[in-house]
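S.K.: Sharing protein_6.txt, compact mmCIF, C-alpha atoms and all ligand atoms:
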```
# COMPACT_ATOMS: atom_id res chain seq x y z
CA MET A 27 8.45 7.37 9.91
CA ARG A 28 10.39 7.13 13.06
CA LEU A 29 13.67 5.35 13.26
CA LEU A 30 15.21 4.11 16.43
CA LEU A 31 18.86 3.26 16.30
CA GLN A 32 20.41 1.57 19.25
CA ALA A 33 24.06 2.42 19.53
CA HIS A 34 26.81 3.24 21.92
CA VAL A 35 27.71 6.40 20.11
CA LEU A 36 25.43 9.42 19.63
CA TYR A 37 27.26 11.46 17.05
CA VAL A 38 24.74 14.30 16.86
CA LEU A 39 26.03 15.59 20.17
CA LEU A 40 29.45 15.39 18.63
CA ALA A 41 31.47 15.73 21.81
CA VAL A 42 30.30 15.23 25.36
CA LYS A 43 27.51 12.63 25.60
CA VAL A 44 28.84 10.77 22.63
CA GLU A 45 30.12 7.56 24.17
CA LYS A 46 27.22 6.97 26.51
CA ALA A 47 24.07 6.81 24.37
CA LYS A 48 22.64 3.32 24.20
CA TYR A 49 19.36 4.30 22.53
CA ILE A 50 18.98 6.88 19.79
CA TYR A 51 15.55 8.00 18.58
CA ILE A 52 15.09 9.97 15.37
CA ALA A 53 11.67 11.33 14.36
CA GLY A 54 10.93 11.53 10.64
CA PHE A 55 10.64 15.31 10.51
CA PHE A 56 14.31 15.60 11.47
CA LEU A 57 15.11 14.18 8.04
CA THR A 58 14.09 17.53 6.58
CA VAL A 59 16.32 19.35 9.08
CA SER A 60 19.67 17.63 8.87
CA PRO A 61 20.10 14.46 6.82
CA ASP A 62 23.85 14.73 7.41
CA SER A 63 23.44 14.39 11.19
CA ILE A 64 21.22 11.35 10.74
CA GLN A 65 23.74 9.83 8.35
CA LEU A 66 26.50 10.25 10.94
CA VAL A 67 24.40 8.76 13.72
CA ALA A 68 23.37 5.87 11.49
CA GLU A 69 26.93 5.12 10.48
CA HIS A 70 28.00 4.96 14.09
CA ALA A 71 25.06 2.81 15.08
CA ALA A 72 25.96 0.45 12.25
CA ALA A 73 29.59 0.38 13.29
CA ASN A 74 28.44 -0.76 16.73
CA ASN A 75 26.29 -3.60 15.37
CA LYS A 76 23.15 -2.62 17.26
CA VAL A 77 19.56 -3.69 16.59
CA ASP A 78 17.44 -1.04 14.94
CA TYR A 79 13.68 -0.50 15.13
CA ILE A 80 11.65 1.33 12.54
CA PHE A 81 8.18 2.69 13.37
CA GLY A 82 5.59 3.87 10.89
CA ASN A 83 1.84 4.15 10.42
CA GLU A 84 -0.23 2.58 7.66
CA THR A 85 -0.01 5.58 5.32
CA GLU A 86 3.74 5.79 5.69
CA ALA A 87 4.13 2.06 5.15
CA LYS A 88 2.02 2.25 1.97
CA ILE A 89 3.98 5.15 0.54
CA PHE A 90 7.23 3.39 1.37
CA ALA A 91 5.94 0.25 -0.35
CA LYS A 92 4.75 2.18 -3.39
CA VAL A 93 8.10 3.85 -3.81
CA ARG A 94 9.75 0.43 -3.59
CA GLY A 95 7.05 -1.38 -5.59
CA TRP A 96 5.95 -3.69 -2.74
CA GLU A 97 2.58 -5.27 -1.86
CA THR A 98 1.11 -4.09 1.46
CA GLU A 99 1.35 -7.52 3.14
CA GLU A 100 5.05 -7.75 2.57
CA ILE A 101 5.89 -4.30 3.85
CA ALA A 102 6.83 -4.96 7.46
CA LEU A 103 8.76 -8.08 6.56
CA LYS A 104 10.59 -6.39 3.73
CA ILE A 105 11.50 -3.31 5.75
CA SER A 106 12.96 -5.57 8.42
CA GLN A 107 14.95 -7.41 5.76
CA LEU A 108 16.36 -4.43 3.87
CA PRO A 109 20.13 -4.51 3.72
CA LEU A 110 21.84 -3.36 6.89
CA ALA A 111 24.71 -0.95 6.77
CA SER A 112 27.00 -3.25 8.71
CA GLY A 113 25.40 -6.47 7.44
CA LYS A 114 25.53 -7.84 10.99
CA GLN A 115 22.92 -6.31 13.26
CA LYS A 116 19.20 -6.91 12.82
CA ARG A 117 16.17 -4.72 12.22
CA ILE A 118 12.70 -5.09 13.74
CA ALA A 119 9.84 -3.36 11.88
CA VAL A 120 6.80 -2.20 13.86
CA ILE A 121 3.78 -0.99 11.85
CA THR A 122 0.71 0.43 13.57
CA GLN A 123 -2.55 0.71 11.68
CA GLY A 124 -4.99 2.69 13.80
CA ALA A 125 -7.61 0.37 15.28
CA ASP A 126 -6.21 -2.61 13.35
CA PRO A 127 -3.52 -4.89 14.80
CA VAL A 128 0.09 -3.85 15.22
CA VAL A 129 2.38 -5.76 12.88
CA VAL A 130 5.89 -6.70 13.99
CA ALA A 131 8.45 -8.29 11.69
CA GLU A 132 11.52 -9.84 13.27
CA ASP A 133 13.90 -12.55 12.10
CA GLY A 134 11.83 -13.15 8.96
CA LYS A 135 8.67 -13.82 10.99
CA LEU A 136 5.48 -11.79 11.31
CA LYS A 137 3.57 -11.29 14.55
CA THR A 138 0.36 -9.31 14.96
CA PHE A 139 -0.99 -7.85 18.18
CA PRO A 140 -4.55 -6.55 18.57
CA VAL A 141 -4.87 -2.98 19.90
CA ILE A 142 -7.12 -1.98 22.79
CA LEU A 143 -10.43 -1.34 21.06
CA LEU A 144 -12.22 1.89 21.84
CA PRO A 145 -15.93 2.63 21.34
CA LYS A 146 -16.41 5.49 18.86
CA GLU A 147 -17.93 7.83 21.44
CA LYS A 148 -14.75 7.62 23.54
CA LEU A 149 -12.45 8.56 20.69
CA VAL A 150 -11.52 12.23 21.13
CA ASP A 151 -8.34 13.04 19.20
CA THR A 152 -6.01 10.62 17.40
CA ASN A 153 -3.24 13.20 16.98
CA GLY A 154 -0.09 11.89 18.59
CA ALA A 155 -1.32 8.29 18.76
CA GLY A 156 1.76 7.02 16.97
CA ASP A 157 4.11 9.05 19.14
CA ALA A 158 2.36 7.84 22.30
CA PHE A 159 2.67 4.28 20.98
CA VAL A 160 6.42 4.65 20.49
CA GLY A 161 6.77 6.26 23.93
CA GLY A 162 5.04 3.34 25.60
CA PHE A 163 6.99 0.85 23.48
CA LEU A 164 10.33 2.41 24.44
CA SER A 165 9.42 2.52 28.14
CA GLN A 166 9.55 -1.28 28.11
CA LEU A 167 12.34 -1.70 25.57
CA VAL A 168 14.80 0.25 27.72
CA GLN A 169 13.98 -2.14 30.56
CA GLY A 170 14.88 -5.10 28.38
CA LYS A 171 11.27 -6.35 28.11
CA SER A 172 9.91 -8.58 25.31
CA ILE A 173 8.44 -7.22 22.08
CA GLU A 174 5.02 -8.32 23.31
CA ASP A 175 5.39 -6.21 26.47
CA CYS A 176 6.66 -3.29 24.39
CA VAL A 177 3.63 -3.44 22.08
CA LYS A 178 1.29 -3.77 25.07
CA ALA A 179 2.66 -0.61 26.67
CA GLY A 180 2.60 1.16 23.30
CA CYS A 181 -1.09 0.32 22.85
CA TYR A 182 -1.85 1.37 26.41
CA ALA A 183 -0.19 4.79 25.99
CA ALA A 184 -1.85 5.35 22.59
CA ASN A 185 -5.22 4.35 24.01
CA VAL A 186 -4.89 6.94 26.79
CA ILE A 187 -3.86 9.73 24.41
CA ILE A 188 -6.66 9.21 21.87
CA GLN A 189 -9.26 9.63 24.62
CA ARG A 190 -7.99 13.13 25.39
CA SER A 191 -7.61 16.37 23.50
CA GLY A 192 -4.02 17.39 22.77
CA CYS A 193 -1.01 15.94 24.53
CA THR A 194 -2.35 15.48 28.05
CA TYR A 195 -2.43 12.43 30.28
CA PRO A 196 -3.84 11.44 33.64
CA GLU A 197 -1.77 12.04 36.77
CA LYS A 198 -1.39 8.33 37.48
CA PRO A 199 -1.02 5.65 34.81
CA ASN A 200 -2.80 2.34 35.30
CA PHE A 201 -0.57 0.18 33.13
CA ASN A 202 0.66 -3.07 34.58
N1 LIG B 1 -9.35 4.26 16.34
C1 LIG B 1 -8.49 3.67 17.18
N2 LIG B 1 -8.93 2.75 18.07
C2 LIG B 1 -8.09 2.14 18.93
N3 LIG B 1 -6.77 2.39 18.98
C3 LIG B 1 -6.26 3.31 18.14
C4 LIG B 1 -7.08 4.01 17.19
N4 LIG B 1 -6.30 4.88 16.51
C5 LIG B 1 -5.05 4.72 17.00
N5 LIG B 1 -5.01 3.78 17.98
C6 LIG B 1 -3.81 3.33 18.77
O1 LIG B 1 -2.71 4.17 18.43
C7 LIG B 1 -1.67 3.40 17.78
C8 LIG B 1 -1.05 4.24 16.69
O2 LIG B 1 -2.05 4.67 15.80
P1 LIG B 1 -1.79 5.06 14.27
O3 LIG B 1 -3.00 5.78 13.80
O4 LIG B 1 -1.38 3.85 13.51
O5 LIG B 1 -0.52 6.02 14.42
P2 LIG B 1 -0.20 7.50 13.82
O6 LIG B 1 -0.58 8.46 14.92
O7 LIG B 1 1.26 7.44 13.57
O8 LIG B 1 -1.04 7.63 12.59
C9 LIG B 1 -2.37 2.15 17.29
O9 LIG B 1 -1.48 1.04 17.20
C10 LIG B 1 -3.40 1.91 18.40
O10 LIG B 1 -2.77 1.32 19.52
C1 LIG B 2 0.49 8.84 9.36
O1 LIG B 2 1.39 9.88 9.74
C2 LIG B 2 1.50 10.95 8.79
C3 LIG B 2 2.53 11.93 9.33
O2 LIG B 2 3.80 11.36 9.26
C4 LIG B 2 0.14 11.62 8.61
O3 LIG B 2 0.24 12.62 7.60
C5 LIG B 2 -0.90 10.58 8.22
O4 LIG B 2 -2.19 11.18 8.17
C6 LIG B 2 -0.91 9.42 9.22
N1 LIG B 2 -1.83 8.36 8.78
C7 LIG B 2 -2.84 7.88 9.54
C8 LIG B 2 -3.66 6.79 8.93
O5 LIG B 2 -3.06 8.29 10.67
```
Can you present the structure in this file as structure tokens?
Ligand SMILES: Nc1ncnc2c1ncn2[C@@H]1O[C@H](COP(=O)(O)OP(=O)(O)O)[C@@H](O)[C@H]1O
Ligand SMILES: *[C@@H]1O[C@H](CO)[C@@H](O)[C@H](O)[C@H]1NC(C)=O
M.R.:
Amino acid sequence: MRLLLQAHVLYVLLAVKVEKAKYIYIAGFFLTVSPDSIQLVAEHAAANNKVDYIFGNETEAKIFAKVRGWETEEIALKISQLPLASGKQKRIAVITQGADPVVVAEDGKLKTFPVILLPKEKLVDTNGAGDAFVGGFLSQLVQGKSIEDCVKAGCYAANVIIQRSGCTYPEKPNFN
């Protein structure tokens, strides 16, 4: 799971950069490193009433649902509607499912977006697909683009990465 908290305060850096951070990205593995840091960052994000995004793949969504006792269909919606620390900001849940459509839950509504389909023979290595997706998504989000544009760029970046071995990419992107 990857959690993106938008906030004005990045507490992990405790002193210098603190006031300036508008976007904070936390990868799931960091949870095993320092839950306390994440808690601090989260509390500050909540105090600033910012939107938060949560990213996960199908497996992660299913495990999350199982732990909570949810049906698969309700997962994205329910994650987006879990209580918020401040009770004021909102949460948008984005679930990718490999070649199946990306599911986005926002304001109690579900939207699905088809991914760029890839013939089997072009599929090289799906490692990092989710990370590439988030990278593409964020490249538009930080520019204030719509969720649809964010998902489009996410799918583009993921599509490039899965056609290559390891984390490599072409010199020039052809996303527009
Ligand atoms: N077999 C596939 N065909 C086409 N697109 C894919 C495929 N696998 C992954 N992708 C792209 O990568 C994104 C993330 O893939 P996913 O497997 O859900 O993430 P993770 O790497 O976290 O498991 C998908 O939304 C899609 O855009
Ligand atoms: C989802 O990501 C986890 C790592 O967080 C990985 O173990 C799992 O295999 C991934 N699932 C799919 C369907 O790619």
S.K.: Compile the contact shell of stretch 87-102 of chain A as a list in words: residues with an atom at most 10 Å away, counting only C-alpha atoms, same-chain residues fewer than 5 positions apart removed.
M.R.: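 That gives Met27, Ile80, Phe81, Gly82, Gln107, Ile118, Ala119, Val120, Ile121, Thr122, Gln123, Val129, Val130, Ala131, Glu132, Gly134, Lys135 and Leu136 of chain A.
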S.K.: Which value, in Å to one decimal, gives the distance between atom CA of A:Ala179 and atom C8 of ligand LIG 1 (chain B)?
M.R.: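 About the pair atom CA of A:Ala179 and atom C8 of ligand LIG 1 (chain B): they are 11.7 Å apart.
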S.K.: May I ask which of the residues A:Thr85, A:His70, A:Asp78, A:Lys104 is the closest one to ligand LIG 2 (chain B), counting all atoms listed in the file?
M.R.: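 Smallest separation from ligand LIG 2 (chain B) among the options: A:Thr85.
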S.K.: Which is closest to A:Ala68 among A:Asn200, A:Asn185, A:Ser112, A:Ser191, if we use only C-alpha atoms?
M.R.: A:Ser112
S.K.: Would you compute the box with edges along x, y and z of the file around ligand LIG 2 (chain B), including every atom the file lists for it and 8 Å extra on each side, and give its centre and edge lengths in Å to one decimal, as lines of an AutoDock Vina configuration file?
M.R.:
```
center_x = 0.1
center_y = 9.7
center_z = 9.1
size_x = 23.5
size_y = 21.8
size_z = 19.1
```
S.K.: List all protein, DNA and RNA residues that have at least one atom no more than 6 Å from any atom of ligand LIG 2 (chain B), counting all atoms listed in the file, and write them as a count of residues only.
M.R.: 4
S.K.: Could you tell me, counting only C-alpha atoms and all ligand atoms, which protein and nucleic acid residues lie no more than 6 Å from ligand LIG 1 (chain B), written as an NGL selection string?
M.R.: :A and (83 or 122-125 or 128 or 141-144 or 152-156 or 159 or 181 or 184-185)
S.K.: Please compute the atom CA of A:Lys148-atom CA of A:Phe201 distance, one decimal, in Å.
M.R.: 18.7 Å
S.K.: Which is closest to A:Ala47 among A:Val168, A:Gly162, A:Phe139, A:Pro61, if we use all atoms listed in the file?
M.R.: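 Ranked by minimum distance to A:Ala47, first place goes to A:Val168.
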S.K.: Which one of A:Asp133, A:Arg190, A:Arg117, A:Pro127 sits closest to A:Leu149 if you count all atoms listed in the file?
M.R.: A:Arg190
S.K.: Taking only C-alpha atoms into account, produce a table as a Markdown table in which each residue of stretch 131-182 of chain A with an atom at most 12 Å from an atom of stretch 52-55 of chain A appears once, together with its shortest atom pair and the distance in Å to one decimal, ordered by chain and rising number.
M.R.:
```
| residue | atom | partner | partner_atom | distance |
| --- | --- | --- | --- | --- |
| A:Gly156 | CA | A:Ala53 | CA | 11.1 |
| A:Asp157 | CA | A:Ala53 | CA | 9.2 |
| A:Val160 | CA | A:Ala53 | CA | 10.5 |
| A:Gly161 | CA | A:Ala53 | CA | 11.9 |
```
S.K.: Could you please determine the separation between atom CA of A:Asp126 and atom CA of A:Thr138 in Å, to one decimal place?
M.R.: 9.5 Å
S.K.: Quick one: everything within 10 Å of A:Gln115, counting only C-alpha atoms, minus sequence neighbours fewer than 2 positions away in the same chain. Send it as a list of chain:residue names.
M.R.: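 Close residues of A:Gln115: A:Ala71, A:Ala72, A:Ala73, A:Asn74, A:Asn75, A:Lys76, A:Val77, A:Asp78, A:Leu110, A:Ala111, A:Ser112, A:Gly113, A:Arg117.
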S.K.: For A:Pro140, which residue out of A:Lys198, A:Lys48, A:Lys178, A:Lys114 is the nearest one, using all atoms listed in the file?
M.R.: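 Among the listed residues, A:Lys178 lies closest to A:Pro140.
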